[in-house]
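**Q** Next comes the structure file start.cif, holding mmCIF, C-alpha atoms and all ligand atoms.
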```cif
data_query
loop_
_atom_site.label_atom_id
_atom_site.label_comp_id
_atom_site.auth_asym_id
_atom_site.auth_seq_id
_atom_site.Cartn_x
_atom_site.Cartn_y
_atom_site.Cartn_z
CA MET A 176 160.89 117.99 236.72
CA THR A 177 163.54 115.90 234.94
CA THR A 178 166.51 117.61 233.26
CA ALA A 179 165.12 116.70 229.83
CA ALA A 180 161.70 118.14 230.68
CA LEU A 181 163.32 121.31 232.01
CA ALA A 182 165.39 121.71 228.84
CA LEU A 183 162.26 121.27 226.72
CA LYS A 184 160.36 123.80 228.82
CA SER A 185 163.05 126.46 228.46
CA ALA A 186 163.41 125.73 224.74
CA GLU A 187 159.66 126.14 224.37
CA SER A 188 159.77 129.50 226.11
CA ALA A 189 162.06 130.74 223.29
CA ASN A 190 159.67 129.52 220.65
CA SER A 191 156.36 130.83 219.49
CA ALA A 192 155.27 127.30 218.55
CA PRO A 193 155.97 123.97 220.29
CA VAL A 194 159.46 122.59 219.84
CA SER A 195 159.66 120.49 216.71
CA ALA A 196 163.29 119.36 217.31
CA LYS A 197 163.68 119.05 213.59
CA TRP A 198 167.46 118.85 213.79
CA SER A 199 168.93 116.24 216.08
CA VAL A 200 172.56 116.46 217.17
CA SER A 201 173.29 113.25 215.30
CA ARG A 202 171.91 114.66 212.04
CA ILE A 203 174.28 117.61 212.33
CA MET A 204 177.13 115.23 213.28
CA GLU A 205 176.41 113.28 210.09
CA LEU A 206 176.81 116.51 208.10
CA PHE A 207 180.14 117.19 209.86
CA GLN A 208 181.31 113.68 208.98
CA LEU A 209 180.68 114.07 205.23
CA PRO A 210 183.76 114.33 203.01
CA LEU A 211 184.53 118.07 202.87
CA MET A 212 183.76 118.41 199.14
CA ASP A 213 180.36 116.74 199.56
CA LEU A 214 179.51 118.96 202.51
CA LEU A 215 180.54 122.14 200.67
CA TYR A 216 178.61 121.09 197.56
CA ARG A 217 175.45 120.42 199.54
CA ALA A 218 175.70 123.62 201.53
CA HIS A 219 176.30 125.65 198.39
CA GLN A 220 173.30 124.08 196.69
CA VAL A 221 171.07 125.01 199.64
CA HIS A 222 172.60 128.47 199.60
CA ARG A 223 171.81 129.00 195.89
CA GLU A 224 168.24 127.76 196.34
CA ASN A 225 167.61 130.41 198.98
CA PHE A 226 169.94 133.34 198.27
CA ASN A 227 171.90 135.03 195.54
CA PRO A 228 175.38 133.59 196.33
CA ASN A 229 177.11 136.76 195.13
CA GLU A 230 175.38 139.04 197.63
CA ILE A 231 176.60 139.74 201.16
CA GLN A 232 174.81 141.72 203.85
CA ARG A 233 177.00 144.17 205.79
CA SER A 234 176.42 145.22 209.39
CA ALA A 235 178.45 147.89 211.16
CA LEU A 236 179.11 147.37 214.86
CA ILE A 237 179.85 149.82 217.66
CA SER A 238 180.37 149.39 221.38
CA ILE A 239 178.08 151.95 223.02
CA LYS A 240 179.05 150.87 226.55
CA THR A 241 182.42 149.21 227.02
CA GLY A 242 183.84 147.16 229.89
CA GLY A 243 183.00 146.73 233.56
CA CYS A 244 180.47 143.95 232.98
CA SER A 245 179.27 141.93 235.99
CA GLU A 246 179.17 138.63 234.05
CA ASP A 247 181.96 136.04 233.96
CA CYS A 248 181.92 134.94 230.27
CA SER A 249 185.37 133.35 230.00
CA TYR A 250 186.04 134.68 226.51
CA CYS A 251 185.17 138.30 227.12
CA SER A 252 187.54 141.25 227.42
CA GLN A 253 184.72 143.27 229.02
CA SER A 254 184.06 141.20 232.14
CA ALA A 255 185.03 143.11 235.29
CA ARG A 256 186.29 139.81 236.72
CA TYR A 257 189.37 139.56 234.48
CA ARG A 258 192.38 141.85 234.12
CA THR A 259 192.32 142.69 230.43
CA ALA A 260 193.50 145.70 228.43
CA THR A 261 189.88 146.87 228.02
CA GLU A 262 189.05 149.87 230.15
CA ARG A 263 185.63 150.64 231.49
CA GLU A 264 183.85 153.49 229.71
CA ALA A 265 180.52 155.25 230.28
CA LEU A 266 177.51 154.84 227.98
CA MET A 267 178.11 156.90 224.84
CA GLN A 268 176.16 160.07 224.15
CA VAL A 269 173.30 159.71 221.64
CA GLU A 270 174.83 162.31 219.34
CA ASP A 271 178.15 160.43 219.10
CA VAL A 272 176.37 157.19 218.28
CA VAL A 273 174.31 158.89 215.58
CA ASN A 274 177.47 160.38 214.03
CA ALA A 275 179.05 156.91 213.94
CA ALA A 276 175.89 155.55 212.28
CA LYS A 277 176.04 158.28 209.61
CA GLU A 278 179.61 157.31 208.85
CA ALA A 279 178.70 153.60 208.68
CA LYS A 280 175.89 154.39 206.25
CA ALA A 281 178.19 156.52 204.09
CA ASN A 282 180.61 153.56 203.98
CA GLY A 283 177.84 151.25 202.73
CA ALA A 284 176.58 149.36 205.80
CA THR A 285 172.84 148.57 205.83
CA ARG A 286 172.50 147.62 209.49
CA PHE A 287 173.90 149.34 212.56
CA CYS A 288 174.49 147.14 215.61
CA MET A 289 175.02 148.68 219.03
CA GLY A 290 176.56 146.53 221.78
CA ALA A 291 176.61 147.15 225.53
CA ALA A 292 178.60 145.30 228.18
CA TRP A 293 175.67 144.71 230.51
CA ARG A 294 174.07 141.72 232.18
CA GLY A 295 170.90 143.57 231.18
CA PRO A 296 169.84 147.23 230.81
CA LYS A 297 168.42 149.43 233.59
CA GLU A 298 165.53 151.87 233.08
CA LYS A 299 167.69 155.00 232.74
CA GLN A 300 169.89 153.20 230.21
CA MET A 301 166.82 152.08 228.27
CA GLU A 302 165.83 155.72 227.78
CA MET A 303 169.19 156.50 226.17
CA VAL A 304 169.26 153.34 224.04
CA THR A 305 165.70 153.81 222.74
CA GLN A 306 166.64 157.35 221.74
CA MET A 307 169.68 155.97 219.85
CA ILE A 308 167.46 153.44 218.08
CA ARG A 309 164.97 156.12 217.01
CA GLU A 310 167.67 158.37 215.61
CA VAL A 311 169.67 155.64 213.86
CA LYS A 312 166.49 154.25 212.33
CA ALA A 313 165.60 157.74 211.06
CA LEU A 314 168.83 157.68 209.02
CA GLY A 315 167.36 154.79 207.01
CA LEU A 316 169.52 152.08 208.60
CA GLU A 317 168.29 148.80 210.05
CA THR A 318 168.87 148.80 213.80
CA CYS A 319 170.23 146.06 216.05
CA VAL A 320 171.17 146.14 219.72
CA THR A 321 172.75 143.62 222.07
CA LEU A 322 172.21 144.62 225.69
CA GLY A 323 172.15 141.32 227.59
CA MET A 324 169.08 139.87 229.31
CA LEU A 325 165.75 141.67 228.95
CA ASN A 326 162.40 141.62 230.70
CA GLU A 327 159.12 141.70 228.82
CA GLY A 328 158.51 145.44 229.17
CA GLN A 329 161.99 146.21 227.88
CA ALA A 330 161.55 144.07 224.75
CA GLU A 331 158.34 145.99 224.07
CA GLN A 332 160.03 149.37 224.66
CA LEU A 333 162.71 148.42 222.11
CA LYS A 334 160.11 147.36 219.56
CA GLU A 335 158.23 150.58 220.12
CA ALA A 336 161.43 152.56 219.43
CA GLY A 337 161.64 150.84 216.03
CA LEU A 338 164.25 148.16 216.75
CA ASP A 339 164.63 145.65 213.89
CA TYR A 340 167.00 143.02 215.41
CA TYR A 341 168.09 141.93 218.87
CA ASN A 342 171.39 140.04 219.10
CA HIS A 343 171.51 137.47 221.89
CA ASN A 344 173.79 134.54 221.21
CA LEU A 345 173.29 131.04 222.57
CA ASP A 346 177.09 131.11 222.35
CA THR A 347 177.67 127.41 222.95
CA ASP A 348 175.96 124.05 223.49
CA SER A 349 173.73 124.02 226.60
CA ALA A 350 175.81 121.06 227.86
CA PHE A 351 179.05 123.09 227.61
CA TYR A 352 177.63 126.42 228.78
CA ASP A 353 178.64 126.12 232.46
CA ASN A 354 182.28 125.55 231.45
CA VAL A 355 182.31 129.04 229.98
CA ILE A 356 179.74 131.15 231.87
CA THR A 357 178.32 130.70 235.37
CA THR A 358 176.62 134.04 236.10
CA HIS A 359 173.70 133.32 233.78
CA SER A 360 172.43 130.17 232.09
CA HIS A 361 171.64 128.85 228.64
CA ALA A 362 167.97 128.78 229.72
CA ASP A 363 168.20 132.52 230.56
CA ARG A 364 169.42 133.11 227.00
CA LEU A 365 166.46 131.19 225.58
CA ASP A 366 164.07 133.18 227.76
CA THR A 367 165.33 136.52 226.41
CA ILE A 368 165.18 135.23 222.83
CA GLY A 369 161.55 134.23 223.47
CA LEU A 370 160.67 137.70 224.84
CA VAL A 371 162.34 139.40 221.89
CA ARG A 372 160.47 137.26 219.42
CA ARG A 373 157.13 137.75 221.14
CA ALA A 374 157.66 141.52 221.03
CA GLY A 375 157.92 141.22 217.22
CA ILE A 376 161.66 141.93 216.97
CA LYS A 377 163.81 139.82 214.63
CA VAL A 378 166.24 137.48 216.36
CA CYS A 379 169.99 137.47 215.76
CA SER A 380 171.55 134.54 217.60
CA GLY A 381 174.65 132.47 217.04
CA GLY A 382 177.71 131.37 218.92
CA ILE A 383 181.45 131.21 219.41
CA LEU A 384 183.63 128.35 218.20
CA GLY A 385 187.08 127.41 219.46
CA MET A 386 186.45 127.62 223.20
CA GLY A 387 187.65 124.07 223.84
CA GLU A 388 184.28 122.52 223.01
CA SER A 389 184.01 119.15 221.28
CA ARG A 390 182.74 118.55 217.76
CA ARG A 391 179.56 117.16 219.34
CA ASN A 392 179.14 120.41 221.31
CA ARG A 393 179.42 122.32 218.03
CA ALA A 394 176.80 120.06 216.44
CA ALA A 395 174.52 120.60 219.44
CA LEU A 396 174.90 124.39 219.17
CA VAL A 397 173.86 124.28 215.50
CA ALA A 398 170.90 122.00 216.37
CA GLN A 399 169.81 124.26 219.25
CA LEU A 400 169.86 127.30 216.95
CA ALA A 401 168.13 125.51 214.08
CA ASN A 402 165.41 124.17 216.39
CA LEU A 403 164.34 127.61 217.52
CA ASN A 404 160.97 127.96 215.91
CA PRO A 405 161.51 129.73 213.57
CA PRO A 406 165.33 129.68 213.41
CA PRO A 407 167.06 133.04 214.03
CA ASP A 408 166.87 135.55 211.15
CA SER A 409 170.60 136.17 211.56
CA VAL A 410 173.18 133.68 212.85
CA PRO A 411 176.58 135.15 213.78
CA ILE A 412 179.31 132.52 213.89
CA ASN A 413 182.24 133.89 215.87
CA ASN A 414 185.70 132.36 216.00
CA LEU A 415 187.13 132.92 219.47
CA ILE A 416 189.43 135.93 219.62
CA PRO A 417 191.68 134.94 222.53
CA ILE A 418 191.90 137.86 224.94
CA PRO A 419 194.95 138.08 227.23
CA GLY A 420 193.83 138.04 230.87
CA THR A 421 190.69 135.93 230.27
CA PRO A 422 190.45 132.25 231.20
CA LEU A 423 190.35 131.33 227.48
CA ALA A 424 193.45 133.36 226.56
CA GLU A 425 195.58 130.29 225.85
CA THR A 426 192.92 128.13 224.17
CA GLU A 427 194.23 126.29 221.14
CA LYS A 428 192.96 127.72 217.85
CA LEU A 429 190.20 125.70 216.19
CA ASP A 430 191.20 124.11 212.90
CA ASN A 431 189.89 126.25 210.02
CA PHE A 432 188.18 123.33 208.31
CA GLU A 433 186.25 122.52 211.47
CA PHE A 434 185.06 126.15 211.50
CA LEU A 435 184.10 125.82 207.83
CA ARG A 436 182.08 122.69 208.54
CA VAL A 437 180.02 124.62 211.10
CA ILE A 438 179.30 127.36 208.55
CA ALA A 439 178.22 124.73 206.01
CA ALA A 440 176.04 122.81 208.49
CA SER A 441 174.45 126.07 209.68
CA ARG A 442 173.55 126.93 206.09
CA ILE A 443 171.97 123.49 205.56
CA ALA A 444 170.10 123.46 208.88
CA MET A 445 168.97 127.12 208.63
CA PRO A 446 168.48 127.59 204.88
CA LYS A 447 166.72 130.94 205.10
CA SER A 448 168.85 132.61 207.79
CA TYR A 449 171.65 135.05 207.15
CA VAL A 450 174.79 133.30 208.42
CA ARG A 451 177.32 135.92 209.51
CA LEU A 452 181.05 135.30 209.34
CA SER A 453 181.70 137.25 212.52
CA ALA A 454 184.57 137.66 215.03
CA GLY A 455 187.93 136.31 213.93
CA ARG A 456 187.70 137.43 210.31
CA GLU A 457 190.66 139.76 210.84
CA SER A 458 192.99 136.79 211.05
CA MET A 459 191.36 134.80 208.22
CA SER A 460 192.93 134.79 204.76
CA GLU A 461 190.86 135.89 201.78
CA GLU A 462 191.09 132.33 200.49
CA PHE A 463 189.49 130.99 203.65
CA GLN A 464 186.80 133.66 203.64
CA ALA A 465 186.00 132.70 200.03
CA LEU A 466 185.41 129.12 201.21
CA CYS A 467 183.14 130.38 204.00
CA PHE A 468 181.09 132.43 201.51
CA PHE A 469 180.88 129.41 199.21
CA ALA A 470 179.69 127.29 202.15
CA GLY A 471 176.83 129.72 202.78
CA ALA A 472 178.05 132.63 204.90
CA ASN A 473 176.33 135.74 203.52
CA SER A 474 176.82 138.45 206.07
CA ILE A 475 179.79 140.17 207.73
CA PHE A 476 180.63 142.80 210.30
CA TYR A 477 181.81 145.67 208.15
CA CYS A 478 183.77 148.07 210.34
CA ASP A 479 187.35 148.67 211.48
CA LYS A 480 186.63 147.57 215.04
CA LEU A 481 184.27 145.00 216.56
CA LEU A 482 183.56 145.80 220.23
CA THR A 483 187.05 145.89 221.72
CA THR A 484 189.14 144.11 219.06
CA MET A 485 190.08 144.93 215.50
CA ASN A 486 188.09 143.78 212.49
CA THR A 487 189.08 143.62 208.82
CA GLY A 488 188.87 147.27 207.78
CA ALA A 489 186.30 148.45 205.22
CA ASN A 490 189.04 149.12 202.63
CA ARG A 491 190.24 145.53 202.67
CA ASP A 492 186.66 144.27 202.44
CA VAL A 493 185.84 146.51 199.49
CA ALA A 494 188.92 145.15 197.68
CA MET A 495 187.97 141.56 198.53
CA PHE A 496 184.37 142.04 197.35
CA SER A 497 185.66 143.42 194.07
CA LYS A 498 188.05 140.46 193.61
CA PHE A 499 185.24 137.95 194.28
CA GLY A 500 182.56 139.86 192.31
CA LEU A 501 180.46 140.11 195.46
CA THR A 502 177.88 142.85 195.90
CA ALA A 503 176.72 144.32 199.17
CA VAL A 504 173.02 144.21 200.04
N1 LIG A 601 176.60 141.69 226.97
C1 LIG A 601 175.77 141.24 225.95
C2 LIG A 601 175.72 139.74 225.83
O1 LIG A 601 176.63 139.08 226.32
O2 LIG A 601 174.77 139.24 225.24
C3 LIG A 601 176.14 141.81 224.59
C4 LIG A 601 177.59 141.98 224.22
S1 LIG A 601 178.52 140.48 224.07
C5 LIG A 601 180.16 141.07 223.98
C6 LIG A 601 178.10 139.92 222.44
C7 LIG A 601 178.74 138.67 221.91
O3 LIG A 601 180.08 138.91 221.53
C8 LIG A 601 178.83 137.48 222.83
O4 LIG A 601 177.63 136.79 222.96
C9 LIG A 601 179.89 136.64 222.11
O5 LIG A 601 179.27 135.74 221.21
C10 LIG A 601 180.71 137.67 221.35
N2 LIG A 601 182.10 137.73 221.86
C11 LIG A 601 182.51 138.38 222.96
N3 LIG A 601 183.84 138.24 223.13
C12 LIG A 601 184.29 137.47 222.11
C13 LIG A 601 185.58 136.97 221.75
N4 LIG A 601 186.66 137.20 222.50
N5 LIG A 601 185.68 136.22 220.64
C14 LIG A 601 184.58 135.96 219.88
N6 LIG A 601 183.35 136.41 220.18
C15 LIG A 601 183.20 137.15 221.29
C1 LIG A 602 178.36 138.80 217.72
O1 LIG A 602 177.91 137.64 217.60
N1 LIG A 602 179.63 139.14 217.56
C2 LIG A 602 179.83 140.55 217.80
C3 LIG A 602 178.37 141.06 218.03
N2 LIG A 602 177.61 139.85 218.02
C4 LIG A 602 178.05 141.94 219.14
C5 LIG A 602 180.81 140.83 218.88
C6 LIG A 602 182.17 140.21 218.65
C7 LIG A 602 183.07 140.63 219.75
C8 LIG A 602 184.49 140.21 219.51
C9 LIG A 602 185.37 140.56 220.63
C10 LIG A 602 185.51 142.02 220.93
O2 LIG A 602 185.68 142.85 220.01
O3 LIG A 602 185.49 142.37 222.12
FE1 LIG A 603 179.27 140.88 229.75
FE2 LIG A 603 178.36 140.20 227.34
FE3 LIG A 603 181.02 140.15 227.88
FE4 LIG A 603 179.40 138.34 228.99
S1 LIG A 603 179.81 138.61 226.78
S2 LIG A 603 181.01 139.52 230.05
S3 LIG A 603 177.54 139.51 229.33
S4 LIG A 603 179.71 141.95 227.81
#
```
What do you get writing this file as structure tokens?
Ligand code: SAM
Ligand code: DTB
Ligand code: SF4
**A**
Amino acid sequence: MTTAALALKSAESANSAPVSAKWSVSRIMELFQLPLMDLLYRAHQVHRENFNPNEIQRSALISIKTGGCSEDCSYCSQSARYRTATEREALMQVEDVVNAAKEAKANGATRFCMGAAWRGPKEKQMEMVTQMIREVKALGLETCVTLGMLNEGQAEQLKEAGLDYYNHNLDTDSAFYDNVITTHSHADRLDTIGLVRRAGIKVCSGGILGMGESRRNRAALVAQLANLNPPPDSVPINNLIPIPGTPLAETEKLDNFEFLRVIAASRIAMPKSYVRLSAGRESMSEEFQALCFFAGANSIFYCDKLLTTMNTGANRDVAMFSKFGLTAV
């Protein structure tokens, strides 16, 4: 099979319907090339047509299993292959996770995301995680987990436990993927997204910017996400948090306006998806976040810590929401 045919086949496996390839890379590149004010205006128009622009969804995030991961993702503090400050910890107890979820709910989060540093879960671990999902769901929160690659039975087990969302990022353009990760492939990511979708779980999938990729790679990532059929329900856009000890520790920071263009293009290409301003918000000014919300971001991680790094604390976010007249949904 040719490379193109292989790419199409793996893209189809992530889709419930045949690939429509509605968004070409060049169409996204054309959006990136618009004068900034035109791009922001267009993105904001699309945003208003599909959402209340003054409402932001808030997801809390917790690391239920930290460090010691077998994979070699060059950005990650949790890979066992790099010497980082992150120490390996055991899977959390269900009760501790449920207590954290109660606190997140009391603080005003509507979704509780649980992340594990695994290539994929094992059966024993699935028992614990499904129990966490059942108990968090019973609190009246939406549930999300990110556990790495799944097999079909596992996706069904998660659905059966009441899981609402599965986070599995494409992370970067398929053509750039091998520069960043070699222990699994972009096609593997598409396969898991396909299984999740077929099990009836909502898909949360996005990527990381600022890993040394080109503008064209960024356009291709947006196109690959938008061409999932349907596009992901949630699209986290992460700005690389450089982690000392990882291969990407010294990567030059991406220009903020380039990041903003990706938010705007994601909003235009995925009009009905929640676009989440994700990792990296801690070092973004309120002014820049306001631009991102204007360009169509309408979801955030709302917690003091992401997985291993700090996030903007809830207090600062509450003050920012009040300044901007934003309401949480
Ligand atoms: N192990 C699972 C996986 O890789 O799918 C789930 C956890 S993994 C840490 C979840 C996501 O966090 C990654 O796909 C990546 O997008 C994001 N991430 C990890 N480290 C990051 C960093 N240093 N900066 C920005 N995003 C990061
Ligand atoms: C996602 O796209 N971003 C979150 C969540 N999904 C799991 C994780 C961000 C991790 C940032 C680096 C860290 O804290 O280790
Ligand atoms: Fe493991 Fe996920 Fe980190 Fe990759 S991103 S090393 S799979 S925890």
**Q** Please define a box with edges along x, y and z of the file around all atoms of ligand LIG 601 (chain A) given in the file, extend it by 5 Å on each side, and return its centre and edge lengths in Å to one decimal, as AutoDock Vina command-line options.
**A**
```
--center_x 180.7 --center_y 138.9 --center_z 223.4 --size_x 21.9 --size_y 16.2 --size_z 17.1
```
**Q** Near Arg286 of chain A, within 6 Å and counting only C-alpha atoms, which residues show up once chain neighbours fewer than 6 positions away are dropped, as a list in words?
**A** Ser234, Leu316, Glu317 and Thr318 of chain A
**Q** Around ligand LIG 602 (chain A), at most 8 Å away and counting only C-alpha atoms and all ligand atoms, which residues are there? Put them as a ChimeraX atom specification, please.
**A** /A:236,251-253,288-290,321,342-344,380-383,410-413,415-416,453-455,476,480-486
**Q** For ligand LIG 603 (chain A), list the contacting residues at 9 Å or closer, counting all atoms listed in the file, as an MDAnalysis selection string.
**A** chainID A and resid 241:256 290:295 321:324 356 358:359
**Q** Could you please determine the separation between atom S1 of ligand LIG 601 (chain A) and atom CA of Ser360 of chain A in Å, to one decimal place?
**A**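 Separation between atom S1 of ligand LIG 601 (chain A) and atom CA of Ser360 of chain A: 14.4 Å.
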**Q** Using all atoms listed in the file, which residues sit within 12 Å of segment 421-434 of chain A once same-chain residues fewer than 6 positions away are excluded, as a PyMOL selection string?
**A** chain A and resi 204+206-212+214-215+247-261+354-356+382-391+393-394+412-415+440-441+452-453+455-456+458-460+462-464+466-467+470+472
**Q** Please report the interatomic distance between atom O4 of ligand LIG 601 (chain A) and atom CA of Glu270 of chain A in Å with one decimal.
**A**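 Separation between atom O4 of ligand LIG 601 (chain A) and atom CA of Glu270 of chain A: 25.9 Å.
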**Q** What does the distance between atom CA of Phe468 of chain A and atom CA of His219 of chain A come to in Å, to one decimal place?
**A**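 Computing it gives 8.9 Å between the two atoms.
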**Q** A:Ala313, A:Leu338, A:Glu278, A:Val437: which is nearest Glu205 of chain A, counting only C-alpha atoms?
**A**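 Ranking A:Ala313, A:Leu338, A:Glu278, A:Val437 by distance to Glu205 of chain A, first place goes to A:Val437.
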**Q** Name the residues in contact with Ala279 of chain A at a cut-off of 8 Å, using only C-alpha atoms, excluding same-chain residues fewer than 5 positions from it; report them as a list in words.
**A**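 Everything that qualifies: Ala235, Ala284, Phe287 and Cys478 of chain A.
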**Q** Extract, using only C-alpha atoms, all DNA, RNA and protein residues at most 10 Å from Val493 of chain A, discarding same-chain residues fewer than 2 positions from it, and format them as a ChimeraX atom specification.
**A** /A:282-283,477,488-491,495-498,501-503
**Q** Considering all atoms listed in the file, state which residue in the set A:Ala444, A:Ile239, A:Leu325, A:Ala265 is at the smallest distance from Glu298 of chain A.
**A**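 Comparing A:Ala444, A:Ile239, A:Leu325, A:Ala265 against Glu298 of chain A, the winner is A:Leu325.
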**Q** Rank nothing, just name the residue among A:Leu396, A:Leu266, A:Asp363, A:Lys297 nearest to Phe351 of chain A, using only C-alpha atoms.
**A**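 Between A:Leu396, A:Leu266, A:Asp363, A:Lys297, the residue approaching Phe351 of chain A most closely is A:Leu396.
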**Q** Rank A:Cys379, A:Ala330, A:Ala350, A:Val311 by their smallest atom-to-atom distance to ligand LIG 601 (chain A), using only C-alpha atoms and all ligand atoms, and report the top residue only.
**A**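 Once distances to ligand LIG 601 (chain A) are computed over only C-alpha atoms and all ligand atoms, the minimum belongs to A:Cys379.
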**Q** Which one is closest to ligand LIG 601 (chain A): A:Ile308, A:Ile237, A:Ala336, A:Ala374? Count only C-alpha atoms and all ligand atoms.
**A** A:Ile237
**Q** I need the residue nearest ligand LIG 601 (chain A) from this list: A:Ala276, A:Met303, A:Val320, A:Ala395. Use all atoms listed in the file for the distance.
**A**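 Checking each of A:Ala276, A:Met303, A:Val320, A:Ala395 against ligand LIG 601 (chain A), counting all atoms listed in the file, the winner is A:Val320.
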